Structures are given as C-alpha cells and as structure tokens.
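Asker: What follows is coords.txt, made up of compact mmCIF, C-alpha atoms:
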```
# COMPACT_ATOMS: atom_id res chain seq x y z
CA MET H 28 -39.94 159.52 -122.53
CA SER H 29 -36.47 158.04 -122.53
CA ILE H 30 -35.49 154.60 -121.31
CA ILE H 31 -32.02 155.78 -120.34
CA THR H 32 -33.49 158.53 -118.14
CA VAL H 33 -35.75 156.03 -116.40
CA GLU H 34 -32.82 153.67 -115.89
CA ARG H 35 -30.69 156.46 -114.39
CA LYS H 36 -33.49 157.47 -112.06
CA VAL H 37 -33.98 153.86 -110.94
CA LEU H 38 -30.26 153.55 -110.19
CA GLU H 39 -30.12 156.91 -108.36
CA LYS H 40 -33.07 155.93 -106.20
CA ASN H 41 -31.48 152.52 -105.57
CA ASP H 42 -28.18 154.11 -104.53
CA GLN H 43 -29.94 156.41 -102.04
CA ILE H 44 -31.65 153.46 -100.34
CA ALA H 45 -28.40 151.46 -100.45
CA GLU H 46 -26.62 154.25 -98.57
CA ARG H 47 -29.37 154.21 -95.94
CA ASN H 48 -29.01 150.41 -95.61
CA ARG H 49 -25.23 150.82 -95.29
CA ARG H 50 -25.55 153.37 -92.48
CA PHE H 51 -27.94 151.03 -90.66
CA PHE H 52 -25.44 148.16 -90.92
CA ARG H 53 -22.41 150.28 -89.91
CA ASP H 54 -24.23 151.74 -86.90
CA ARG H 55 -24.77 148.19 -85.64
CA GLY H 56 -21.37 146.77 -86.60
CA ILE H 57 -22.90 144.29 -89.05
CA PHE H 58 -20.57 143.19 -91.84
CA VAL H 59 -22.54 142.56 -95.04
CA LEU H 60 -21.67 140.44 -98.08
CA ASN H 61 -23.65 140.41 -101.34
CA LEU H 62 -23.21 136.96 -102.94
CA VAL H 63 -23.62 136.87 -106.73
CA SER H 64 -23.18 134.12 -109.33
CA SER H 65 -24.78 132.20 -112.19
CA PRO H 66 -27.59 129.81 -111.22
CA GLY H 67 -26.20 126.69 -109.57
CA ALA H 68 -22.65 127.93 -108.96
CA GLY H 69 -23.01 127.06 -105.28
CA LYS H 70 -23.83 130.21 -103.27
CA THR H 71 -26.17 128.35 -100.90
CA SER H 72 -23.74 125.44 -100.51
CA ILE H 73 -20.97 127.87 -99.56
CA LEU H 74 -23.28 129.39 -96.94
CA GLU H 75 -24.04 125.90 -95.55
CA ARG H 76 -20.33 125.07 -95.21
CA THR H 77 -19.73 128.51 -93.65
CA PHE H 78 -22.50 128.00 -91.06
CA GLU H 79 -21.04 124.63 -90.04
CA ARG H 80 -17.68 126.19 -89.29
CA MET H 81 -18.65 129.59 -87.91
CA ARG H 82 -21.95 129.30 -86.08
CA ASP H 83 -20.31 128.87 -82.68
CA SER H 84 -18.07 131.90 -83.03
CA CYS H 85 -20.24 134.36 -84.92
CA ARG H 86 -23.88 135.44 -85.22
CA MET H 87 -25.00 135.22 -88.81
CA ALA H 88 -28.17 136.03 -90.74
CA VAL H 89 -29.25 135.68 -94.37
CA ILE H 90 -31.45 137.51 -96.84
CA GLU H 91 -32.30 135.14 -99.69
CA GLY H 92 -33.18 136.47 -103.14
CA ASP H 93 -34.89 134.21 -105.64
CA VAL H 94 -36.98 134.62 -108.77
CA GLN H 95 -39.38 131.99 -107.43
CA THR H 96 -39.64 129.48 -104.50
CA ASP H 97 -38.14 129.56 -101.00
CA LEU H 98 -36.04 126.42 -101.50
CA ASP H 99 -32.80 128.18 -100.56
CA ALA H 100 -34.30 129.79 -97.44
CA GLN H 101 -35.45 126.32 -96.33
CA ARG H 102 -31.87 125.06 -96.69
CA VAL H 103 -30.53 127.99 -94.63
CA ALA H 104 -33.19 127.57 -91.92
CA GLU H 105 -32.04 124.00 -91.28
CA TYR H 106 -28.87 125.50 -89.79
CA GLN H 107 -30.90 127.61 -87.32
CA VAL H 108 -29.63 130.76 -89.01
CA PRO H 109 -32.23 133.58 -89.21
CA VAL H 110 -33.35 134.05 -92.81
CA VAL H 111 -35.84 136.16 -94.75
CA GLN H 112 -36.78 135.22 -98.31
CA ILE H 113 -37.31 137.80 -101.04
CA VAL H 114 -39.15 136.40 -104.06
CA THR H 115 -38.68 138.77 -106.99
CA MET H 116 -41.53 137.20 -109.05
CA GLY H 117 -39.51 137.20 -112.23
CA GLY H 118 -37.17 140.07 -111.35
CA CYS H 119 -33.58 139.37 -112.39
CA HIS H 120 -31.72 141.01 -109.48
CA LEU H 121 -32.19 142.36 -105.95
CA GLU H 122 -32.55 146.08 -105.35
CA ALA H 123 -31.74 148.05 -102.20
CA GLY H 124 -35.44 148.70 -101.49
CA LEU H 125 -36.24 144.96 -101.44
CA VAL H 126 -33.34 144.45 -99.02
CA ALA H 127 -34.62 147.30 -96.81
CA ASP H 128 -38.05 145.60 -96.72
CA ALA H 129 -36.42 142.32 -95.69
CA MET H 130 -34.33 144.09 -93.02
CA GLY H 131 -37.58 145.39 -91.52
CA LYS H 132 -38.73 141.81 -90.99
CA MET H 133 -35.59 140.70 -89.11
CA ASP H 134 -34.13 141.36 -85.69
CA LEU H 135 -30.54 142.11 -86.67
CA ASP H 136 -29.35 143.36 -83.25
CA GLY H 137 -26.20 141.48 -82.29
CA THR H 138 -25.67 140.11 -85.81
CA ASP H 139 -22.00 139.97 -86.87
CA LEU H 140 -22.35 138.84 -90.46
CA LEU H 141 -25.24 139.29 -92.88
CA PHE H 142 -25.18 137.41 -96.17
CA ILE H 143 -27.40 138.63 -98.99
CA GLU H 144 -27.75 135.84 -101.54
CA ASN H 145 -28.68 137.51 -104.82
CA VAL H 146 -30.70 136.03 -107.70
CA GLY H 147 -28.64 133.60 -109.80
CA ASN H 148 -27.58 135.87 -112.64
CA LEU H 149 -24.05 136.82 -113.70
CA VAL H 150 -25.16 140.01 -115.47
CA CYS H 151 -27.87 142.17 -113.89
CA PRO H 152 -27.02 142.18 -110.14
CA SER H 153 -23.60 143.73 -110.86
CA GLY H 154 -25.00 147.27 -111.19
CA TYR H 155 -27.12 147.33 -108.02
CA ASP H 156 -25.57 148.43 -104.71
CA LEU H 157 -27.58 146.91 -101.85
CA GLY H 158 -25.65 148.63 -99.06
CA GLU H 159 -23.18 145.76 -98.66
CA ASP H 160 -19.54 146.05 -97.57
CA LEU H 161 -18.44 143.91 -100.46
CA LYS H 162 -19.62 141.75 -103.33
CA VAL H 163 -18.49 138.11 -103.47
CA VAL H 164 -18.76 136.51 -106.91
CA VAL H 165 -18.95 132.71 -106.94
CA LEU H 166 -17.90 130.88 -110.11
CA SER H 167 -18.09 127.13 -110.60
CA THR H 168 -15.23 125.38 -112.42
CA THR H 169 -17.93 123.76 -114.58
CA GLU H 170 -18.73 127.15 -116.13
CA GLY H 171 -15.32 127.33 -117.82
CA ASP H 172 -12.25 129.52 -117.49
CA ASP H 173 -13.39 132.23 -119.94
CA LYS H 174 -16.25 133.61 -117.85
CA PRO H 175 -14.47 136.64 -116.29
CA LEU H 176 -13.74 137.91 -119.82
CA LYS H 177 -17.29 137.27 -121.03
CA TYR H 178 -19.06 138.78 -118.00
CA PRO H 179 -16.55 141.43 -116.88
CA ALA H 180 -18.82 143.82 -114.94
CA MET H 181 -19.49 141.31 -112.19
CA PHE H 182 -15.80 140.56 -111.70
CA ARG H 183 -14.90 144.26 -111.86
CA ASN H 184 -17.43 145.16 -109.14
CA ALA H 185 -16.63 142.26 -106.79
CA SER H 186 -13.93 142.28 -104.10
CA VAL H 187 -13.78 138.51 -103.71
CA LEU H 188 -13.96 135.60 -106.15
CA ILE H 189 -14.76 132.13 -104.82
CA ILE H 190 -13.96 129.43 -107.37
CA ASN H 191 -16.23 126.54 -106.34
CA LYS H 192 -16.39 122.86 -107.35
CA THR H 193 -12.61 122.42 -107.57
CA ASP H 194 -13.26 118.69 -107.03
CA LEU H 195 -14.65 118.56 -110.60
CA ILE H 196 -11.45 119.94 -112.20
CA PRO H 197 -10.35 116.48 -113.48
CA TYR H 198 -13.61 116.12 -115.42
CA VAL H 199 -14.20 119.55 -116.95
CA ASN H 200 -12.53 121.93 -119.41
CA CYS H 201 -11.37 124.48 -116.88
CA ARG H 202 -7.74 125.48 -116.37
CA LEU H 203 -7.49 127.03 -112.91
CA ASP H 204 -4.43 129.13 -113.78
CA VAL H 205 -6.16 130.55 -116.87
CA LEU H 206 -9.32 131.26 -114.86
CA ARG H 207 -7.30 133.10 -112.19
CA ASP H 208 -5.40 135.07 -114.83
CA ASN H 209 -8.60 136.05 -116.63
CA ALA H 210 -10.21 137.20 -113.38
CA LEU H 211 -7.15 139.27 -112.39
CA LYS H 212 -6.98 140.80 -115.87
CA ILE H 213 -10.46 142.24 -115.26
CA ASN H 214 -9.82 143.14 -111.60
CA PRO H 215 -6.24 142.95 -110.26
CA ASP H 216 -7.48 143.56 -106.68
CA LEU H 217 -9.73 140.46 -106.54
CA ARG H 218 -9.09 138.24 -103.55
CA ILE H 219 -9.46 134.65 -104.77
CA PHE H 220 -10.46 131.55 -102.80
CA GLU H 221 -10.64 128.06 -104.31
CA VAL H 222 -13.09 125.72 -102.60
CA SER H 223 -15.06 122.52 -102.94
CA CYS H 224 -18.30 122.37 -101.00
CA GLN H 225 -18.37 118.61 -101.66
CA THR H 226 -14.97 117.78 -100.11
CA GLY H 227 -14.68 120.85 -97.88
CA ALA H 228 -11.32 121.82 -99.44
CA GLY H 229 -10.52 125.51 -99.09
CA ILE H 230 -13.49 126.32 -96.86
CA ASP H 231 -11.28 126.85 -93.80
CA ALA H 232 -9.22 129.53 -95.55
CA TRP H 233 -12.39 131.35 -96.64
CA CYS H 234 -13.87 131.20 -93.12
CA GLU H 235 -10.63 132.33 -91.48
CA TRP H 236 -10.51 135.38 -93.72
CA LEU H 237 -14.21 136.04 -93.18
CA GLY H 238 -14.07 135.72 -89.40
CA GLY H 239 -10.77 137.53 -89.02
CA LYS H 240 -9.65 140.97 -89.89
CA GLY H 241 -9.08 140.27 -93.58
CA ALA H 242 -12.64 140.78 -94.70
CA ARG H 243 -12.86 144.14 -92.94
CA GLY H 244 -9.70 145.41 -94.61
CA GLN H 245 -7.92 145.82 -91.26
CA MET W 16 -43.22 158.77 -116.39
CA SER W 17 -43.81 155.15 -115.46
CA ILE W 18 -41.31 152.34 -115.65
CA ILE W 19 -44.02 149.79 -116.38
CA THR W 20 -45.22 151.83 -119.37
CA VAL W 21 -41.69 152.05 -120.75
CA GLU W 22 -41.21 148.32 -120.27
CA ARG W 23 -44.47 147.53 -122.06
CA LYS W 24 -43.54 149.80 -124.95
CA VAL W 25 -40.10 148.16 -125.21
CA LEU W 26 -41.72 144.71 -125.35
CA GLU W 27 -44.36 145.81 -127.90
CA LYS W 28 -41.69 147.27 -130.15
CA ASN W 29 -39.60 144.10 -129.71
CA ASP W 30 -42.53 141.87 -130.66
CA GLN W 31 -43.21 143.88 -133.83
CA ILE W 32 -39.60 143.45 -134.99
CA ALA W 33 -39.65 139.78 -133.96
CA GLU W 34 -42.69 139.21 -136.21
CA ARG W 35 -40.84 140.86 -139.10
CA ASN W 36 -37.81 138.62 -138.45
CA ARG W 37 -40.12 135.57 -138.35
CA ARG W 38 -41.71 136.43 -141.71
CA PHE W 39 -38.24 136.84 -143.22
CA PHE W 40 -37.20 133.40 -141.95
CA ARG W 41 -40.44 131.67 -143.01
CA ASP W 42 -40.31 133.18 -146.51
CA ARG W 43 -36.89 131.59 -146.96
CA GLY W 44 -37.60 128.28 -145.23
CA ILE W 45 -35.05 128.94 -142.49
CA PHE W 46 -35.75 127.11 -139.22
CA VAL W 47 -34.58 129.22 -136.25
CA LEU W 48 -33.67 128.17 -132.71
CA ASN W 49 -33.04 130.58 -129.84
CA LEU W 50 -30.59 128.92 -127.42
CA VAL W 51 -30.82 130.11 -123.82
CA SER W 52 -29.09 129.01 -120.58
CA SER W 53 -27.02 130.08 -117.59
CA PRO W 54 -23.39 131.02 -118.34
CA GLY W 55 -21.29 127.93 -118.99
CA ALA W 56 -24.14 125.42 -119.40
CA GLY W 57 -22.74 124.41 -122.78
CA LYS W 58 -24.66 126.20 -125.55
CA THR W 59 -21.55 126.66 -127.72
CA SER W 60 -20.35 123.10 -127.07
CA ILE W 61 -23.72 121.75 -128.20
CA LEU W 62 -23.42 123.81 -131.39
CA GLU W 63 -19.92 122.40 -132.00
CA ARG W 64 -21.13 118.80 -131.62
CA THR W 65 -24.13 119.62 -133.86
CA PHE W 66 -21.90 121.08 -136.61
CA GLU W 67 -19.71 117.95 -136.59
CA ARG W 68 -22.69 115.71 -137.24
CA MET W 69 -24.84 117.89 -139.51
CA ARG W 70 -22.59 120.07 -141.64
CA ASP W 71 -22.64 117.66 -144.58
CA SER W 72 -26.42 117.36 -144.67
CA CYS W 73 -27.59 120.82 -143.72
CA ARG W 74 -26.62 124.48 -144.20
CA MET W 75 -26.31 126.17 -140.84
CA ALA W 76 -25.58 129.69 -139.60
CA VAL W 77 -25.19 131.28 -136.17
CA ILE W 78 -25.89 134.62 -134.53
CA GLU W 79 -23.83 134.84 -131.33
CA GLY W 80 -24.94 137.06 -128.46
CA ASP W 81 -22.48 137.98 -125.73
CA VAL W 82 -22.12 140.68 -123.09
CA GLN W 83 -18.49 141.06 -124.08
CA THR W 84 -15.86 139.36 -126.34
CA ASP W 85 -16.23 137.32 -129.53
CA LEU W 86 -14.79 134.13 -128.01
CA ASP W 87 -17.86 132.05 -128.90
CA ALA W 88 -17.99 133.35 -132.48
CA GLN W 89 -14.33 132.35 -132.86
CA ARG W 90 -15.22 128.81 -131.75
CA VAL W 91 -18.10 128.64 -134.25
CA ALA W 92 -15.98 130.02 -137.11
CA GLU W 93 -13.51 127.14 -136.72
CA TYR W 94 -16.24 124.87 -138.09
CA GLN W 95 -16.62 127.03 -141.24
CA VAL W 96 -20.15 127.90 -140.19
CA PRO W 97 -21.17 131.52 -141.03
CA VAL W 98 -21.44 133.54 -137.82
CA VAL W 99 -22.15 137.12 -136.81
CA GLN W 100 -21.33 138.30 -133.28
CA ILE W 101 -23.58 140.68 -131.35
CA VAL W 102 -21.84 142.25 -128.33
CA THR W 103 -24.47 143.73 -126.02
CA MET W 104 -21.91 145.81 -124.06
CA GLY W 105 -23.41 144.87 -120.71
CA GLY W 106 -26.94 144.13 -121.93
CA CYS W 107 -28.39 141.02 -120.29
CA HIS W 108 -30.37 139.59 -123.24
CA LEU W 109 -30.77 139.80 -127.01
CA GLU W 110 -33.62 141.79 -128.53
CA ALA W 111 -35.27 141.33 -131.92
CA GLY W 112 -33.75 144.57 -133.25
CA LEU W 113 -30.21 143.39 -132.53
CA VAL W 114 -30.98 140.13 -134.33
CA ALA W 115 -32.40 142.08 -137.31
CA ASP W 116 -29.15 144.09 -137.45
CA ALA W 117 -27.13 140.86 -137.43
CA MET W 118 -29.36 139.34 -140.17
CA GLY W 119 -28.53 142.36 -142.33
CA LYS W 120 -24.85 141.42 -142.15
CA MET W 121 -25.34 137.80 -143.28
CA ASP W 122 -26.19 136.08 -146.53
CA LEU W 123 -28.86 133.68 -145.28
CA ASP W 124 -30.06 132.48 -148.72
CA GLY W 125 -30.05 128.69 -148.76
CA THR W 126 -29.66 128.41 -144.98
CA ASP W 127 -31.63 125.53 -143.44
CA LEU W 128 -30.98 126.13 -139.75
CA LEU W 129 -30.14 129.34 -137.92
CA PHE W 130 -29.03 129.15 -134.29
CA ILE W 131 -29.27 132.29 -132.19
CA GLU W 132 -27.07 131.82 -129.11
CA ASN W 133 -28.42 134.20 -126.48
CA VAL W 134 -26.50 135.86 -123.63
CA GLY W 135 -25.83 133.42 -120.75
CA ASN W 136 -28.67 134.33 -118.41
CA LEU W 137 -31.47 132.10 -117.15
CA VAL W 138 -33.79 135.03 -116.36
CA CYS W 139 -33.95 137.98 -118.75
CA PRO W 140 -33.90 136.39 -122.24
CA SER W 141 -37.12 134.45 -121.48
CA GLY W 142 -39.38 137.45 -122.19
CA TYR W 143 -37.90 138.49 -125.53
CA ASP W 144 -39.18 136.95 -128.76
CA LEU W 145 -36.48 137.20 -131.43
CA GLY W 146 -38.57 135.76 -134.26
CA GLU W 147 -37.41 132.19 -133.63
CA ASP W 148 -39.44 129.02 -134.27
CA LEU W 149 -38.61 127.74 -130.83
CA LYS W 150 -36.55 128.34 -127.71
CA VAL W 151 -34.14 125.66 -126.55
CA VAL W 152 -33.11 125.91 -122.90
CA VAL W 153 -29.83 124.20 -121.99
CA LEU W 154 -29.28 123.18 -118.36
CA SER W 155 -26.11 121.60 -117.02
CA THR W 156 -26.39 118.79 -114.46
CA THR W 157 -23.90 120.76 -112.35
CA GLU W 158 -26.52 123.48 -111.79
CA GLY W 159 -28.69 121.11 -109.74
CA ASP W 160 -32.12 119.54 -110.19
CA ASP W 161 -34.11 122.42 -108.61
CA LYS W 162 -33.47 124.99 -111.35
CA PRO W 163 -36.75 124.63 -113.32
CA LEU W 164 -38.67 125.48 -110.14
CA LYS W 165 -36.40 128.42 -109.29
CA TYR W 166 -36.33 129.92 -112.81
CA PRO W 167 -39.73 128.86 -114.19
CA ALA W 168 -40.27 131.48 -116.92
CA MET W 169 -37.45 130.14 -119.06
CA PHE W 170 -38.71 126.56 -118.85
CA ARG W 171 -42.30 127.66 -119.47
CA ASN W 172 -41.36 129.58 -122.65
CA ALA W 173 -39.03 126.93 -124.09
CA SER W 174 -40.13 124.03 -126.31
CA VAL W 175 -37.00 121.96 -125.78
CA LEU W 176 -34.78 121.26 -122.77
CA ILE W 177 -31.29 119.91 -123.33
CA ILE W 178 -29.78 118.51 -120.12
CA ASN W 179 -26.03 118.74 -120.72
CA LYS W 180 -22.98 117.30 -118.90
CA THR W 181 -24.65 113.98 -118.07
CA ASP W 182 -21.11 112.55 -117.79
CA LEU W 183 -20.74 114.51 -114.50
CA ILE W 184 -23.80 112.88 -112.88
CA PRO W 185 -21.67 110.57 -110.68
CA TYR W 186 -19.90 113.59 -109.16
CA VAL W 187 -22.67 116.13 -108.58
CA ASN W 188 -25.88 116.49 -106.55
CA CYS W 189 -28.30 116.17 -109.45
CA ARG W 190 -30.98 113.50 -109.67
CA LEU W 191 -31.93 113.23 -113.35
CA ASP W 192 -35.44 111.92 -112.61
CA VAL W 193 -36.12 114.81 -110.20
CA LEU W 194 -34.77 117.32 -112.73
CA ARG W 195 -37.02 115.90 -115.46
CA ASP W 196 -40.06 115.89 -113.13
CA ASN W 197 -39.41 119.50 -112.06
CA ALA W 198 -39.08 120.63 -115.68
CA LEU W 199 -42.30 118.85 -116.73
CA LYS W 200 -44.14 120.31 -113.71
CA ILE W 201 -43.41 123.78 -115.12
CA ASN W 202 -44.01 122.80 -118.76
CA PRO W 203 -45.57 119.39 -119.53
CA ASP W 204 -44.95 119.87 -123.28
CA LEU W 205 -41.15 120.21 -122.99
CA ARG W 206 -39.22 117.86 -125.25
CA ILE W 207 -36.18 116.70 -123.26
CA PHE W 208 -32.80 115.53 -124.56
CA GLU W 209 -29.97 114.33 -122.30
CA VAL W 210 -26.50 114.82 -123.71
CA SER W 211 -22.83 114.98 -122.88
CA CYS W 212 -20.72 117.16 -125.14
CA GLN W 213 -17.61 115.53 -123.63
CA THR W 214 -18.51 111.91 -124.46
CA GLY W 215 -20.95 112.62 -127.30
CA ALA W 216 -23.73 110.67 -125.58
CA GLY W 217 -27.21 111.72 -126.68
CA ILE W 218 -26.02 114.09 -129.42
CA ASP W 219 -27.23 111.76 -132.20
CA ALA W 220 -30.81 111.78 -130.88
CA TRP W 221 -30.78 115.59 -130.69
CA CYS W 222 -29.41 115.90 -134.24
CA GLU W 223 -31.85 113.36 -135.65
CA TRP W 224 -34.76 115.29 -134.20
CA LEU W 225 -33.28 118.60 -135.38
CA GLY W 226 -32.60 117.42 -138.92
CA GLY W 227 -35.79 115.43 -139.28
CA LYS W 228 -39.38 116.38 -139.10
CA GLY W 229 -39.62 116.47 -135.31
CA ALA W 230 -38.29 119.96 -134.83
CA ARG W 231 -40.75 121.37 -137.37
CA GLY W 232 -43.70 119.75 -135.62
CA GLN W 233 -44.56 117.67 -138.70
```
With the file now loaded, output its structure as structure tokens.
Answerer:
Amino acid sequence: MSIITVERKVLEKNDQIAERNRRFFRDRGIFVLNLVSSPGAGKTSILERTFERMRDSCRMAVIEGDVQTDLDAQRVAEYQVPVVQIVTMGGCHLEAGLVADAMGKMDLDGTDLLFIENVGNLVCPSGYDLGEDLKVVVLSTTEGDDKPLKYPAMFRNASVLIINKTDLIPYVNCRLDVLRDNALKINPDLRIFEVSCQTGAGIDAWCEWLGGKGARGQ
Amino acid sequence: MSIITVERKVLEKNDQIAERNRRFFRDRGIFVLNLVSSPGAGKTSILERTFERMRDSCRMAVIEGDVQTDLDAQRVAEYQVPVVQIVTMGGCHLEAGLVADAMGKMDLDGTDLLFIENVGNLVCPSGYDLGEDLKVVVLSTTEGDDKPLKYPAMFRNASVLIINKTDLIPYVNCRLDVLRDNALKINPDLRIFEVSCQTGAGIDAWCEWLGGKGARGQ
C-alpha cells in the first residue's frame, strides 16, 4: 500500500470528473470561475460587490464550499443569486465530485457565470481541477507581500489575482509593487486586479473584464 | 486499497512519533508551542515581538515550517534565536516526523521554549500532533469574526487563541466581542490574548503568561 499511489488515483479520478463538469458547462455556455484564497481574504465580499454591479446584465449562480456552516451561502442568497452550499465536514478543499453533486441540485440553464467559492486555504485547493475555466486567487493586502513566494502553487495555477483590501495599505506592511512583482515572478501571465470591497475601488475594472470578452480570452 | 485506511495509518504513525518527540522535550524541560494560523495572520511577527521581550530571561528556539522559501527563518535568525527551517515542498501541514528530523539538526540542551511555526493553513495542521505541549492559534482581525465557526477543528484543538492586528479594528468588519463569543462557543477553555504586533499592545500580557507559570498549567 503506497500513499503516493492512492494520491495519484484520487487526482486521476478527480480530473476525469472535472472534465465531465467542464463539458457540461461548455455545452451550456456557462463560464466558470474557481475562487481560492486564505480564510478571510474576501472571496464572498468580492462576490457581493460583483452581484451589485452585474445582476441586471448577467445571470449568475454560486457553489459555496466551506469546512463548516452555511454562513457564506446565506450572504449570497441575500442577493437573490441561486446558491448551493457544500459543507466538506473538515475537508480542506473542494473536489470535482462534490461540485458535480452540487450541480445536480441546481437549475443552471440560462446561467452565464458560475462562481465556485472554494474552502479558505491557500495550499490544498491548488491541485484540484473542478472543471472551471479559470482559477481566481484572492489575496488580502493584510497577508503581506511575500505570500506568492511562500505559496507558489496557487499563484502558478491561477489565471487571475485579485489583490483585495487596498484601503488598508496605509496601515499594513504590504508594498503593492513588491507584491505584484512577487506574483509575476511565480506566474508572468497572471492578470492582476486591485480592489477594495469596502470603498468599491477597482471593482468596476474587475466586472468589466468579467462581463466582457477579456475573461473568455477573446 | 482504501483511502481511509491509509489516512488512519498515517495518523497512527504520526502520533507514535509525536509521543517520542514529547518524551524528548519533557525529559529536557523544554516547553513546546505549535503555532497555527491562516497565511499572513502574524505568527512570525508574534515571535519577533516575543523574542524582543523574552530573550534576556529565557532560552528560545524555533522550528519553521513553510511550503516554500526560508523567508520566515531569515526573520527569526535576525534575533539570534536558533532556528531550523522545514520546507514541505507543497505539503499543507507539518508532521511529527518532519519535526523529529529538524530536532536532530539542533542543539536543544538548555532550551526553555521551543516554538514550532506551522504552515499557514487554518484547516490541515489541526489534526497533526507534533509532540507539543499546546497549540496556539493566531487569528487576524482582518479575517473576520466568523472564522471560529467556519474552521472549528483548529479552535477546538488549540489551548490558546491570539487575536492579532487589533490596531486595524477601526478599519475592518470584525466585532471583537462576537469573535471572542464564537471562539468560546467552539472551545470554552480557550485562553484568549488580544495583541497588535504593530503597536505592541497586549504583547506584555502574552509574554508574562508564557514566561510564568500560566502556560505550564501550574
């Protein structure tokens, strides 16, 4: 019995289900983003600001992943956005099979954008394809400018970096230029947005890209 | 082949090594703290403030755990505190065997306090005993007051909660009383310290407890 063999088999199985999810989404023209970050970096707040700006122009839905509680799903539901909660009961990341189960509980016909909010964890979710079009990593300025170097896999596997809580820059040890440089050292193709969910700064640029052709690589 | 069986065997093996580590520490009178938190909550900053106050009265050493880089070990070394870096190369938590390897590279004779700084991850390290006397979970006010409910295992398994970055309270959505209540709901025995590594507030109380009899339960 080998742990590495088990791990490889788990990942192979995950990737097969992820491909099935991806075909389902593509067949229906649903664009899917997998949001990953440390706990408390602001994934749910970014979704809330996004709903406010885009709910009239775009049909959105959310799959929420949490270790415990449905607090985030409750926040999403207040915006009348369809949401299904996955509680991992201690599990440190979402897997494609859990997402497939959640998809089975939603009516996704006519959905333009599906957000999958992963468990708050800057390590484990990086290796698990869920069938998304792209991974969006959210980093709060309060976490410090060294994080891309210390947790490189997440930044390597993401297509987009949202730097959140820019309003706190005057009060924390985070140099934005160093943070950007560190992120681009790990992944030169990262598209970077700088936002504050408190003041709303930068949210328009993110939503324009998301609603336009940018996100779809067109 | 069953994943659950492999996981149980991994944990059993870990616990055996952790017990060996614990006997080693107890035989030498070394008090050991396992520091856990999300990325960027301030574990290393708390160590820096602790070194400043306690290095004249107490012999300290550090085992640093990181996914990648030795940036934190470099910060510790500036305080002339002995430190060994473990790089997990993608691994999401420390295990007792990695700590035993690090112990083999240090001269711990005469050490009073050993800090093990775990990988920044509020989920996975909670299940792994390293042989420590107690776990200290660090939570930043910027992560929000709901985190004990959303990541309960870590708060259940810790003996101490340090709420860091209290200087940012005026700028973030974190109600200290709600955070404390949520933490005590999960674990009524948690000892809670509130600190700011920026202003130094609360650090004295933490160090007094750590250096005195409180930490040893006497």
Asker: Based on all atoms listed in the file, which of the residues in chain H come within 9 Å of chain W? I want them as a VMD selection string.
Answerer: chain H and resid 28 to 30 33 to 34 37 65 to 69 93 to 98 117 to 119 147 to 151 167 169 to 171 173 to 174 176 to 180 194 to 195 198 to 199 225
Asker: Between W:Leu50, W:Ala92, W:Ile218, W:Val98, which is the closest to Thr65 (chain W) once you count only C-alpha atoms?
Answerer: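 That would be W:Ile218, the residue with the smallest distance to Thr65 (chain W).
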Asker: Write out as a list in words the residues lying within 12 Å of Leu211 (chain H), counting only C-alpha atoms and excluding same-chain residues fewer than 4 positions away.
Answerer: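 Selected residues are Pro175, Leu176, Pro179, Phe182, Arg183, Ala185, Ser186, Val187, Leu188, Asp204, Val205, Leu206, Arg207, Pro215, Asp216, Leu217, Arg218 and Ile219 of chain H.
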Asker: Looking at H:Thr115, H:Asn209, H:Thr226, H:Gln43, which one is nearest to Gly158 (chain H), with distances taken over all atoms listed in the file?
Answerer: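 Distance minimum relative to Gly158 (chain H) lands on H:Gln43.
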Asker: Report as a list in words all protein, DNA and RNA residues lying within 8 Å of Arg102 (chain H), evaluated on only C-alpha atoms, omitting residues in the same chain fewer than 4 positions from it.
Answerer: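 Contacts, in chain order: Thr71, Glu75, Leu98 and Tyr106 of chain H.
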Asker: CA of Leu145 (chain W) and CA of Glu110 (chain W), how far apart in Å?
Answerer: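 Between CA of Glu110 (chain W) and CA of Leu145 (chain W) the gap is 6.1 Å.
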Asker: Excluding same-chain residues fewer than 2 positions from Met87 (chain H), what lies within 12 Å of it counting all atoms listed in the file, as JSON, numbers by chain?
Answerer: {"H": [57, 58, 59, 60, 74, 75, 77, 78, 79, 80, 81, 82, 83, 84, 85, 89, 90, 103, 104, 106, 107, 108, 109, 110, 133, 134, 135, 136, 137, 138, 139, 140, 141, 142, 143, 237, 238]}
Asker: Between CA of Ala88 (chain H) and CA of Gln112 (chain H), what is the distance, to one decimal in Å?
Answerer: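 Computing it gives 11.5 Å between the two atoms.
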Asker: Would you kindly return, as a list of chain:residue names, each protein, DNA or RNA residue with an atom no farther than 9 Å from any atom of Ala33 (chain W), considering only C-alpha atoms and excluding same-chain residues fewer than 5 positions away?
Answerer: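 Skipping anything fewer than 5 positions along the chain leaves W:Lys28, W:Arg38, W:Glu110, W:Ala111, W:Gly112, W:Val114, W:Ala115, W:Tyr143, W:Asp144, W:Leu145, W:Gly146, W:Glu147.
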Asker: Just give me the gap between CA of Leu38 (chain H) and CA of Ala210 (chain H) in Å, one decimal is fine.
Answerer: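 According to the coordinates, CA of Leu38 (chain H) and CA of Ala210 (chain H) are separated by 26.1 Å.
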Asker: Could you complete region 207-215 of chain H so that it carries N, CA, C and O atoms, and give it back as a short mmCIF file (atom, residue, chain, number, x, y, z; two decimals), keeping the file's coordinate frame?
Answerer:
```cif
data_model
loop_
_atom_site.label_atom_id
_atom_site.label_comp_id
_atom_site.auth_asym_id
_atom_site.auth_seq_id
_atom_site.Cartn_x
_atom_site.Cartn_y
_atom_site.Cartn_z
N ARG H 207 -7.85 132.07 -113.10
CA ARG H 207 -7.30 133.10 -112.19
C ARG H 207 -6.75 134.29 -112.97
O ARG H 207 -7.01 135.44 -112.64
N ASP H 208 -5.99 133.99 -114.02
CA ASP H 208 -5.40 135.07 -114.83
C ASP H 208 -6.49 135.94 -115.46
O ASP H 208 -6.39 137.17 -115.47
N ASN H 209 -7.52 135.30 -116.00
CA ASN H 209 -8.60 136.05 -116.63
C ASN H 209 -9.31 136.94 -115.61
O ASN H 209 -9.65 138.09 -115.91
N ALA H 210 -9.53 136.42 -114.42
CA ALA H 210 -10.21 137.20 -113.38
C ALA H 210 -9.35 138.40 -112.98
O ALA H 210 -9.86 139.53 -112.84
N LEU H 211 -8.04 138.18 -112.83
CA LEU H 211 -7.15 139.27 -112.39
C LEU H 211 -6.90 140.28 -113.50
O LEU H 211 -6.57 141.44 -113.23
N LYS H 212 -7.06 139.85 -114.75
CA LYS H 212 -6.98 140.80 -115.87
C LYS H 212 -8.11 141.83 -115.76
O LYS H 212 -7.93 143.01 -116.02
N ILE H 213 -9.30 141.36 -115.38
CA ILE H 213 -10.46 142.24 -115.26
C ILE H 213 -10.37 143.07 -113.98
O ILE H 213 -10.72 144.25 -113.95
N ASN H 214 -9.88 142.46 -112.90
CA ASN H 214 -9.82 143.14 -111.60
C ASN H 214 -8.61 142.65 -110.80
O ASN H 214 -8.68 141.64 -110.10
N PRO H 215 -7.49 143.40 -110.90
CA PRO H 215 -6.24 142.95 -110.26
C PRO H 215 -6.34 142.89 -108.73
O PRO H 215 -5.49 142.27 -108.09
#
```
